[in-house]
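Enquirer: Take a look at model.txt, compact mmCIF, C-alpha atoms and all ligand atoms:
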# COMPACT_ATOMS: atom_id res chain seq x y z
CA MET A 1 28.17 -11.09 -3.47
CA GLY A 2 24.97 -10.26 -1.63
CA THR A 3 26.34 -7.17 0.02
CA SER A 4 27.98 -5.90 -3.14
CA PHE A 5 24.60 -5.86 -4.88
CA VAL A 6 23.03 -3.94 -2.01
CA ASP A 7 26.03 -1.59 -2.05
CA GLU A 8 25.57 -0.97 -5.76
CA ILE A 9 21.88 -0.13 -5.24
CA GLU A 10 22.77 2.31 -2.46
CA ARG A 11 25.48 3.87 -4.61
CA VAL A 12 23.04 4.49 -7.46
CA ILE A 13 20.56 6.10 -5.05
CA ALA A 14 23.22 8.30 -3.43
CA ALA A 15 24.44 9.41 -6.86
CA GLY A 16 20.91 10.57 -7.65
CA GLU A 17 20.79 8.46 -10.80
CA VAL A 18 17.16 7.53 -10.38
CA THR A 19 14.46 10.16 -10.51
CA LEU A 20 12.27 10.03 -7.46
CA PRO A 21 8.74 8.95 -8.17
CA VAL A 22 6.13 11.61 -7.46
CA PHE A 23 3.02 11.01 -5.45
CA ASN A 24 -0.08 11.26 -7.63
CA PRO A 25 -1.30 14.86 -7.09
CA THR A 26 -5.00 14.04 -7.57
CA ALA A 27 -4.82 11.23 -5.02
CA LEU A 28 -3.09 13.56 -2.58
CA ARG A 29 -5.78 16.22 -2.96
CA VAL A 30 -8.50 13.60 -2.50
CA GLN A 31 -6.77 12.42 0.66
CA GLN A 32 -6.55 16.01 1.95
CA GLU A 33 -10.27 16.49 1.32
CA LEU A 34 -11.18 13.26 3.09
CA VAL A 35 -9.33 13.94 6.33
CA LYS A 36 -11.48 17.06 6.75
CA LYS A 37 -14.34 16.84 9.23
CA GLU A 38 -16.87 17.47 6.49
CA PRO A 39 -15.49 16.54 3.08
CA ASP A 40 -17.25 18.13 0.11
CA SER A 41 -18.64 15.58 -2.35
CA ARG A 42 -18.66 18.09 -5.23
CA ILE A 43 -14.93 18.77 -4.83
CA LEU A 44 -14.34 15.03 -4.73
CA GLU A 45 -16.35 14.52 -7.91
CA GLN A 46 -14.52 17.35 -9.69
CA LEU A 47 -11.12 15.99 -8.73
CA ILE A 48 -11.95 12.54 -10.04
CA THR A 49 -13.74 13.51 -13.23
CA GLY A 50 -10.92 15.95 -14.02
CA ASP A 51 -8.73 12.93 -14.65
CA GLN A 52 -10.15 10.83 -17.47
CA SER A 53 -8.15 7.65 -16.94
CA LEU A 54 -8.60 7.84 -13.18
CA SER A 55 -12.38 8.14 -13.61
CA SER A 56 -12.61 5.01 -15.71
CA GLN A 57 -10.39 3.09 -13.29
CA VAL A 58 -12.49 4.22 -10.36
CA LEU A 59 -15.66 3.05 -12.10
CA ARG A 60 -14.14 -0.31 -12.96
CA MET A 61 -13.09 -0.85 -9.36
CA ALA A 62 -16.41 0.36 -7.96
CA ASN A 63 -18.07 -2.30 -10.12
CA SER A 64 -15.72 -5.11 -9.07
CA ALA A 65 -17.05 -8.01 -7.04
CA PHE A 66 -15.35 -6.59 -3.92
CA TYR A 67 -17.70 -3.60 -3.87
CA ARG A 68 -20.47 -5.63 -5.45
CA GLY A 69 -23.68 -3.72 -6.01
CA LEU A 70 -26.86 -4.93 -7.61
CA THR A 71 -26.68 -2.65 -10.62
CA ASN A 72 -23.78 -1.25 -12.58
CA ILE A 73 -22.48 2.17 -11.55
CA MET A 74 -22.15 4.35 -14.64
CA THR A 75 -20.93 7.72 -13.34
CA VAL A 76 -18.55 9.02 -10.70
CA LYS A 77 -21.42 10.92 -9.12
CA ALA A 78 -23.50 7.74 -8.85
CA ALA A 79 -20.51 5.94 -7.38
CA ILE A 80 -20.16 8.59 -4.67
CA VAL A 81 -23.87 8.33 -3.86
CA ARG A 82 -23.85 4.53 -3.82
CA LEU A 83 -20.63 3.87 -1.99
CA GLY A 84 -20.16 7.06 0.01
CA MET A 85 -17.35 9.57 -0.07
CA ARG A 86 -14.92 7.69 2.15
CA GLU A 87 -15.23 4.48 0.15
CA ILE A 88 -14.75 6.37 -3.12
CA GLY A 89 -11.75 8.12 -1.62
CA ARG A 90 -10.22 4.73 -0.90
CA ILE A 91 -10.94 3.56 -4.43
CA VAL A 92 -9.26 6.70 -5.82
CA LEU A 93 -6.14 6.06 -3.78
CA LEU A 94 -6.04 2.44 -4.92
CA SER A 95 -6.56 3.34 -8.57
CA ALA A 96 -4.02 6.16 -8.59
CA SER A 97 -1.37 4.12 -6.84
CA GLN A 98 -1.87 1.17 -9.17
CA ASN A 99 -0.52 3.27 -12.05
CA GLN A 100 2.82 3.72 -10.30
CA PHE A 101 3.40 -0.01 -10.05
CA ARG A 102 3.96 -0.53 -13.76
CA THR A 103 7.09 -0.69 -15.84
CA THR A 104 8.45 -1.97 -19.15
CA ASP A 105 10.81 -4.65 -17.79
CA PRO A 106 8.60 -7.79 -17.59
CA GLU A 107 10.49 -9.31 -14.66
CA ILE A 108 10.34 -6.12 -12.59
CA ASN A 109 6.75 -5.53 -13.67
CA LYS A 110 5.74 -8.92 -12.26
CA VAL A 111 7.22 -8.04 -8.86
CA MET A 112 5.62 -4.58 -8.93
CA LYS A 113 2.21 -6.10 -9.59
CA LYS A 114 2.60 -8.39 -6.60
CA LEU A 115 3.78 -5.43 -4.53
CA TRP A 116 0.74 -3.43 -5.50
CA GLN A 117 -1.53 -6.29 -4.42
CA HIS A 118 0.31 -6.32 -1.11
CA SER A 119 -0.02 -2.56 -0.64
CA ALA A 120 -3.71 -2.55 -1.55
CA GLY A 121 -4.33 -5.60 0.66
CA CYS A 122 -2.60 -3.91 3.61
CA ALA A 123 -4.60 -0.73 3.05
CA LEU A 124 -7.92 -2.59 3.07
CA ALA A 125 -6.89 -4.78 6.01
CA ALA A 126 -5.69 -1.79 8.04
CA ASN A 127 -8.96 0.00 7.34
CA TRP A 128 -10.94 -3.06 8.44
CA LEU A 129 -8.83 -3.47 11.59
CA ALA A 130 -9.22 0.19 12.59
CA LYS A 131 -12.99 -0.16 12.43
CA ARG A 132 -13.04 -3.55 14.18
CA CYS A 133 -10.73 -2.36 16.96
CA LYS A 134 -12.98 0.63 17.70
CA PHE A 135 -10.57 3.15 16.22
CA ALA A 136 -12.98 4.24 13.50
CA ASP A 137 -11.50 7.75 13.61
CA LEU A 138 -8.19 6.22 12.50
CA SER A 139 -9.66 4.23 9.61
CA THR A 140 -8.86 6.69 6.81
CA GLN A 141 -5.33 7.17 8.10
CA ALA A 142 -4.94 3.42 8.52
CA PHE A 143 -5.87 2.90 4.90
CA PHE A 144 -3.38 5.50 3.71
CA ALA A 145 -0.59 4.22 5.97
CA GLY A 146 -1.22 0.65 4.86
CA LEU A 147 -1.08 1.65 1.22
CA LEU A 148 2.22 3.49 1.68
CA HIS A 149 4.08 1.41 4.26
CA ASP A 150 6.20 -0.42 1.65
CA VAL A 151 6.68 2.53 -0.73
CA GLY A 152 10.42 2.04 -0.25
CA LYS A 153 10.11 -1.33 -1.99
CA LEU A 154 8.69 0.36 -5.07
CA PHE A 155 11.56 2.82 -5.10
CA VAL A 156 14.22 0.13 -4.62
CA LEU A 157 12.61 -1.84 -7.47
CA MET A 158 12.93 1.19 -9.73
CA VAL A 159 16.59 1.42 -8.80
CA ILE A 160 17.12 -2.28 -9.46
CA GLU A 161 15.60 -1.83 -12.90
CA ARG A 162 18.06 0.96 -13.59
CA VAL A 163 21.04 -1.14 -12.40
CA LYS A 164 19.83 -4.06 -14.51
CA LYS A 165 19.63 -1.92 -17.64
CA LYS A 166 23.10 -0.47 -17.18
CA ASN A 167 24.85 -3.64 -16.18
CA THR A 168 23.60 -6.53 -18.26
CA THR A 169 26.34 -8.88 -17.08
CA LEU A 170 25.10 -8.69 -13.51
CA THR A 171 23.57 -11.96 -12.41
CA MET A 172 20.49 -11.26 -10.40
CA THR A 173 18.88 -14.15 -8.61
CA ASP A 174 15.45 -13.80 -7.04
CA ALA A 175 17.00 -14.23 -3.61
CA LEU A 176 19.45 -11.37 -4.20
CA PHE A 177 16.68 -9.22 -5.53
CA LEU A 178 14.37 -9.78 -2.57
CA GLU A 179 17.21 -9.40 -0.09
CA ALA A 180 18.06 -5.96 -1.46
CA ILE A 181 14.42 -4.88 -1.32
CA ASP A 182 14.03 -6.16 2.24
CA THR A 183 17.24 -4.62 3.50
CA LEU A 184 16.78 -1.18 2.00
CA HIS A 185 13.06 -0.46 1.84
CA THR A 186 12.39 1.04 5.28
CA LYS A 187 15.31 3.49 5.16
CA GLN A 188 14.75 4.48 1.53
CA GLY A 189 10.99 4.66 1.97
CA PHE A 190 11.40 6.95 4.96
CA ALA A 191 13.65 9.28 2.94
CA LEU A 192 11.13 9.31 0.10
CA MET A 193 8.19 10.09 2.41
CA GLN A 194 10.14 13.01 3.87
CA GLN A 195 10.91 14.35 0.41
CA TRP A 196 7.19 14.19 -0.30
CA HIS A 197 6.59 16.21 2.90
CA MET A 198 4.20 13.58 4.19
CA PRO A 199 2.97 14.01 7.78
CA GLU A 200 5.51 12.73 10.30
CA HIS A 201 3.41 9.84 11.59
CA TYR A 202 3.22 8.21 8.14
CA CYS A 203 6.98 8.68 7.65
CA LEU A 204 7.65 6.92 10.95
CA ILE A 205 5.39 4.00 10.04
CA VAL A 206 7.33 3.54 6.81
CA ARG A 207 10.57 3.57 8.82
CA ASP A 208 9.52 1.45 11.81
CA HIS A 209 7.05 -1.16 10.58
CA HIS A 210 9.59 -4.00 10.90
CA GLU A 211 11.30 -2.87 14.11
CA PRO A 212 11.39 -5.71 16.66
CA ASP A 213 10.59 -3.31 19.52
CA VAL A 214 7.21 -1.73 19.03
CA ASP A 215 5.49 1.10 20.90
CA THR A 216 2.28 -0.60 22.08
CA LYS A 217 0.57 2.81 22.34
CA ASP A 218 1.11 3.65 18.68
CA TYR A 219 -2.18 2.19 17.46
CA LEU A 220 -1.82 3.25 13.84
CA LEU A 221 1.58 1.55 13.60
CA LEU A 222 0.22 -1.59 15.29
CA ILE A 223 -2.71 -1.74 12.87
CA VAL A 224 -0.42 -1.47 9.83
CA ARG A 225 1.94 -4.12 11.22
CA LEU A 226 -0.91 -6.55 11.80
CA ALA A 227 -2.39 -5.85 8.35
CA ASP A 228 1.06 -6.48 6.87
CA MET A 229 1.36 -9.82 8.66
CA ALA A 230 -2.14 -10.88 7.63
CA CYS A 231 -1.20 -10.28 3.98
CA GLN A 232 2.02 -12.26 4.42
CA LYS A 233 0.09 -15.13 5.93
CA LEU A 234 -2.30 -15.21 2.98
CA GLY A 235 0.47 -15.00 0.38
CA ILE A 236 -0.42 -11.45 -0.68
CA ALA A 237 3.23 -10.46 -0.31
CA LEU A 238 6.64 -10.64 -1.99
CA THR A 239 7.74 -13.01 0.78
CA PRO A 240 4.73 -15.01 2.01
CA HIS A 241 4.66 -16.43 5.52
CA PRO A 242 1.85 -19.03 5.60
CA THR A 243 2.66 -20.44 9.06
CA LEU A 244 2.38 -17.10 10.82
CA ASN A 245 0.11 -17.23 13.86
CA LEU A 246 -1.64 -13.87 13.88
CA ALA A 247 -3.45 -14.48 17.17
CA ALA A 248 -0.10 -14.89 18.95
CA THR A 249 1.30 -11.51 17.84
CA ILE A 250 1.82 -8.58 20.21
CA GLU A 251 -0.42 -6.52 17.91
CA ALA A 252 -3.41 -8.90 18.14
CA GLY A 253 -2.86 -9.00 21.92
CA VAL A 254 -2.99 -5.22 22.30
CA PHE A 255 -6.28 -5.10 20.38
CA ASN A 256 -7.70 -8.18 22.07
CA LEU A 257 -8.41 -9.84 18.75
CA ALA A 258 -9.49 -13.46 18.96
CA GLU A 259 -8.98 -16.23 16.38
CA ILE A 260 -12.49 -15.62 15.07
CA ASP A 261 -11.85 -11.92 14.39
CA LEU A 262 -8.65 -12.74 12.57
CA ALA A 263 -10.39 -15.43 10.52
CA GLU A 264 -12.90 -12.78 9.48
CA LEU A 265 -10.06 -10.49 8.44
CA GLU A 266 -8.62 -13.28 6.31
CA VAL A 267 -11.95 -13.77 4.53
CA THR A 268 -12.15 -10.02 3.82
CA LEU A 269 -8.64 -10.12 2.40
CA GLU A 270 -9.39 -13.12 0.23
CA ASP A 271 -12.32 -11.15 -1.24
CA THR A 272 -9.96 -8.38 -2.32
CA ALA A 273 -8.60 -10.71 -5.02
CA SER A 274 -11.42 -9.48 -7.29
CA LEU A 275 -9.79 -6.04 -7.31
CA PHE A 276 -6.62 -7.35 -8.89
CA THR A 277 -7.91 -9.02 -11.98
FE FE B 1 7.88 -3.69 4.77
FE FE B 2 4.61 -4.96 3.82
Go ahead and render the structure in this file as structure tokens.
Expert:
Amino acid sequence: MGTSFVDEIERVIAAGEVTLPVFNPTALRVQQELVKKEPDSRILEQLITGDQSLSSQVLRMANSAFYRGLTNIMTVKAAIVRLGMREIGRIVLLSASQNQFRTTDPEINKVMKKLWQHSAGCALAANWLAKRCKFADLSTQAFFAGLLHDVGKLFVLMVIERVKKKNTTLTMTDALFLEAIDTLHTKQGFALMQQWHMPEHYCLIVRDHHEPDVDTKDYLLLIVRLADMACQKLGIALTPHPTLNLAATIEAGVFNLAEIDLAELEVTLEDTASLFT
């Protein structure tokens, strides 16, 4: 039974029955601006204010407890001044991606919401880890890679929704559902990233983030893997893993992270809950 469901999902994908999601063009342009040596704050402001719903989302997030300031931020320009371009760039990516994790089917929508929390949590954790591990130059990339690493799960969820609509007699248990997502997401995510013409390194992280053998020199991949595990440990994941010992992982070993550093990461992640309300 389990395999036949996975087979059906793969068949629907191969037949091209589900339209590929597009990557938010504004978010992509913001990302391109931010990886420049000297990003231009006016371009950033124009990009954000050019999208009305994005602007209001950005302001709401900038005023959340996670980014807590003393006074309310009223304009995008003020937000850029207060929080800085890189921070605003991260908020834009979070806001824009949040819109893709919504659908009409309430059951699927619930899973998508959880998946968005996981993706955002991984992005923020990866960013934090890059800075803590003295790879500050990787921090923007770490954020982006963390946000996208499970993009295949979003795509598989969209396919499941399609299968569900077409075949109402299909019994779909939670276990079956999660198994299909787990089994297919790295391969399908990799294909999606390539269709989006994303830089190779991000594509490979999407493909390899669960591989048992890991290249201990690929710091960006290691950071995303550790961020992913930290989210699983804290229950910010589709399949939580509360007993996970982060300090004992290969990744924490490579970066020389002690229990106390990892505890600090967990506190930071717990704070992100204010972004999801
Ligand atoms: Fe994953
Ligand atoms: Fe993940």
Enquirer: Could you tell me, as number ranges by chain, which residues have any atom at most 12 Å from (-4.6, 15.8, -1.6), counting only C-alpha atoms?
Expert: A: 23-36, 39, 43-44, 47-48, 89, 92-93, 96, 144, 196, 198
Enquirer: Determine, using all atoms listed in the file, which residues of chain A have any atom at most 8 Å from an atom of ligand FE 2 (chain B), and tabulate each with its shortest atom pair and distance in Å to one decimal place, rows ordered by chain and then rising number, as a Markdown table.
Expert:
| residue | atom | partner | partner_atom | distance |
| --- | --- | --- | --- | --- |
| A:His118 | CA | B:FE2 | FE | 6.7 |
| A:Ser119 | CA | B:FE2 | FE | 6.9 |
| A:Cys122 | CA | B:FE2 | FE | 7.3 |
| A:His149 | CA | B:FE2 | FE | 6.4 |
| A:Asp150 | CA | B:FE2 | FE | 5.3 |
| A:Arg225 | CA | B:FE2 | FE | 7.9 |
| A:Asp228 | CA | B:FE2 | FE | 4.9 |
| A:Met229 | CA | B:FE2 | FE | 7.6 |
| A:Cys231 | CA | B:FE2 | FE | 7.9 |
| A:Gln232 | CA | B:FE2 | FE | 7.8 |
| A:Ala237 | CA | B:FE2 | FE | 7.0 |
Enquirer: I want to know what sits within 9 Å of stretch 261-273 of chain A, based on only C-alpha atoms, with residues of the same chain fewer than 2 positions away left out; could you give that as a list in words?
Expert: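 Surrounding residues, per the criterion: Ala65, Phe66, Gln117, Ala120, Gly121, Cys122, Leu124, Ala125, Trp128, Leu129, Arg132, Ala227, Ala230, Cys231, Lys233, Leu234, Ile236, Leu246, Ala247, Ala252, Leu257, Ala258, Glu259, Leu275, Phe276 and Thr277 of chain A.
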Enquirer: Work out how far apart atom CA of A:Phe135 and atom CA of A:Arg90 are and give it in Å to one decimal.
Expert: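 A separation of 17.2 Å between them.
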Enquirer: Quick one: distance from atom CA of A:Leu59 to atom CA of A:Val111 in Å, one decimal?
Expert: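 If I compute the distance from atom CA of A:Leu59 to atom CA of A:Val111, I get 25.6 Å.
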Enquirer: Could you list the protein, DNA and RNA residues that have any atom within 8 Å of ligand FE 1 (chain B), counting all atoms listed in the file, and write them as a VMD selection string?
Expert: chain A and resid 149 to 150 153 182 185 to 186 206 209 to 210 228
Enquirer: Calculated over all atoms listed in the file, which of the candidates A:Asn256, A:Gln98, A:Thr183, A:Thr216 has the smallest distance to A:Val6?
Expert: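 Of the candidates, the smallest distance to A:Val6 is held by A:Thr183.
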Enquirer: A:Val58: which residues within 12 Å, counting all atoms listed in the file, same-chain residues fewer than 2 positions away excluded, as an mmCIF file with C-alpha atoms, in the coordinates of the input?
Expert:
data_model
loop_
_atom_site.group_PDB
_atom_site.id
_atom_site.type_symbol
_atom_site.label_atom_id
_atom_site.label_comp_id
_atom_site.auth_asym_id
_atom_site.auth_seq_id
_atom_site.Cartn_x
_atom_site.Cartn_y
_atom_site.Cartn_z
ATOM 1 C CA ALA A 27 -4.820 11.230 -5.020
ATOM 2 C CA GLU A 45 -16.350 14.520 -7.910
ATOM 3 C CA LEU A 47 -11.120 15.990 -8.730
ATOM 4 C CA ILE A 48 -11.950 12.540 -10.040
ATOM 5 C CA THR A 49 -13.740 13.510 -13.230
ATOM 6 C CA ASP A 51 -8.730 12.930 -14.650
ATOM 7 C CA GLN A 52 -10.150 10.830 -17.470
ATOM 8 C CA SER A 53 -8.150 7.650 -16.940
ATOM 9 C CA LEU A 54 -8.600 7.840 -13.180
ATOM 10 C CA SER A 55 -12.380 8.140 -13.610
ATOM 11 C CA SER A 56 -12.610 5.010 -15.710
ATOM 12 C CA ARG A 60 -14.140 -0.310 -12.960
ATOM 13 C CA MET A 61 -13.090 -0.850 -9.360
ATOM 14 C CA ALA A 62 -16.410 0.360 -7.960
ATOM 15 C CA ASN A 63 -18.070 -2.300 -10.120
ATOM 16 C CA SER A 64 -15.720 -5.110 -9.070
ATOM 17 C CA TYR A 67 -17.700 -3.600 -3.870
ATOM 18 C CA ILE A 73 -22.480 2.170 -11.550
ATOM 19 C CA MET A 74 -22.150 4.350 -14.640
ATOM 20 C CA THR A 75 -20.930 7.720 -13.340
ATOM 21 C CA VAL A 76 -18.550 9.020 -10.700
ATOM 22 C CA LYS A 77 -21.420 10.920 -9.120
ATOM 23 C CA ALA A 78 -23.500 7.740 -8.850
ATOM 24 C CA ALA A 79 -20.510 5.940 -7.380
ATOM 25 C CA ILE A 80 -20.160 8.590 -4.670
ATOM 26 C CA LEU A 83 -20.630 3.870 -1.990
ATOM 27 C CA GLU A 87 -15.230 4.480 0.150
ATOM 28 C CA ILE A 88 -14.750 6.370 -3.120
ATOM 29 C CA GLY A 89 -11.750 8.120 -1.620
ATOM 30 C CA ARG A 90 -10.220 4.730 -0.900
ATOM 31 C CA ILE A 91 -10.940 3.560 -4.430
ATOM 32 C CA VAL A 92 -9.260 6.700 -5.820
ATOM 33 C CA LEU A 93 -6.140 6.060 -3.780
ATOM 34 C CA LEU A 94 -6.040 2.440 -4.920
ATOM 35 C CA SER A 95 -6.560 3.340 -8.570
ATOM 36 C CA ALA A 96 -4.020 6.160 -8.590
ATOM 37 C CA SER A 97 -1.370 4.120 -6.840
ATOM 38 C CA GLN A 98 -1.870 1.170 -9.170
ATOM 39 C CA LEU A 275 -9.790 -6.040 -7.310
#
Enquirer: Let me make sure I understand: among A:Gly189, A:Gly253, A:Gly69, A:Pro199, which one has the smallest atom-to-atom distance to A:Gln141 if we use all atoms listed in the file?
Expert: A:Pro199
Enquirer: Between A:Leu178, A:Ile250, A:Arg207, A:Leu222, which is the closest to A:Phe5 once you count all atoms listed in the file?
Expert: A:Leu178
Enquirer: Taking the point (9.4, -3.4, -15.5) as given in the file, collect each protein or nucleic acid residue that comes within 10 Å of it, counting all atoms listed in the file, and present the set as a compact mmCIF listing (two decimals) with C-alpha atoms, in the coordinates of the input.
Expert:
# COMPACT_ATOMS: atom_id res chain seq x y z
CA PHE A 101 3.40 -0.01 -10.05
CA ARG A 102 3.96 -0.53 -13.76
CA THR A 103 7.09 -0.69 -15.84
CA THR A 104 8.45 -1.97 -19.15
CA ASP A 105 10.81 -4.65 -17.79
CA PRO A 106 8.60 -7.79 -17.59
CA GLU A 107 10.49 -9.31 -14.66
CA ILE A 108 10.34 -6.12 -12.59
CA ASN A 109 6.75 -5.53 -13.67
CA LYS A 110 5.74 -8.92 -12.26
CA VAL A 111 7.22 -8.04 -8.86
CA MET A 112 5.62 -4.58 -8.93
CA LYS A 113 2.21 -6.10 -9.59
CA LEU A 157 12.61 -1.84 -7.47
CA MET A 158 12.93 1.19 -9.73
CA ILE A 160 17.12 -2.28 -9.46
CA GLU A 161 15.60 -1.83 -12.90
CA ARG A 162 18.06 0.96 -13.59
Enquirer: Taking all atoms listed in the file into account, which of A:Val18, A:Ile9, A:Leu226, A:Ile260 comes nearest A:Ala142?
Expert: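 Once distances to A:Ala142 are computed over all atoms listed in the file, the minimum belongs to A:Leu226.
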Enquirer: What does the distance from atom CA of A:Ala180 to atom CA of A:Val214 come to in Å, to one decimal?
Expert: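 Answer for the atom CA of A:Ala180 to atom CA of A:Val214 separation: 23.6 Å.
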Enquirer: In terms of the shortest atom-to-atom distance over all atoms listed in the file, which of A:Leu70, A:Leu244, A:Leu20, A:Ile13 is closest to A:Leu192?
Expert: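 Checking each candidate against A:Leu192, we get A:Leu20 as the closest.
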Enquirer: Which residue, A:Leu115, A:Leu238, A:Ala123, A:Ala248, has the smallest gap to A:Glu179 when you use only C-alpha atoms?
Expert: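 Under the stated criterion, the closest residue is A:Leu238.
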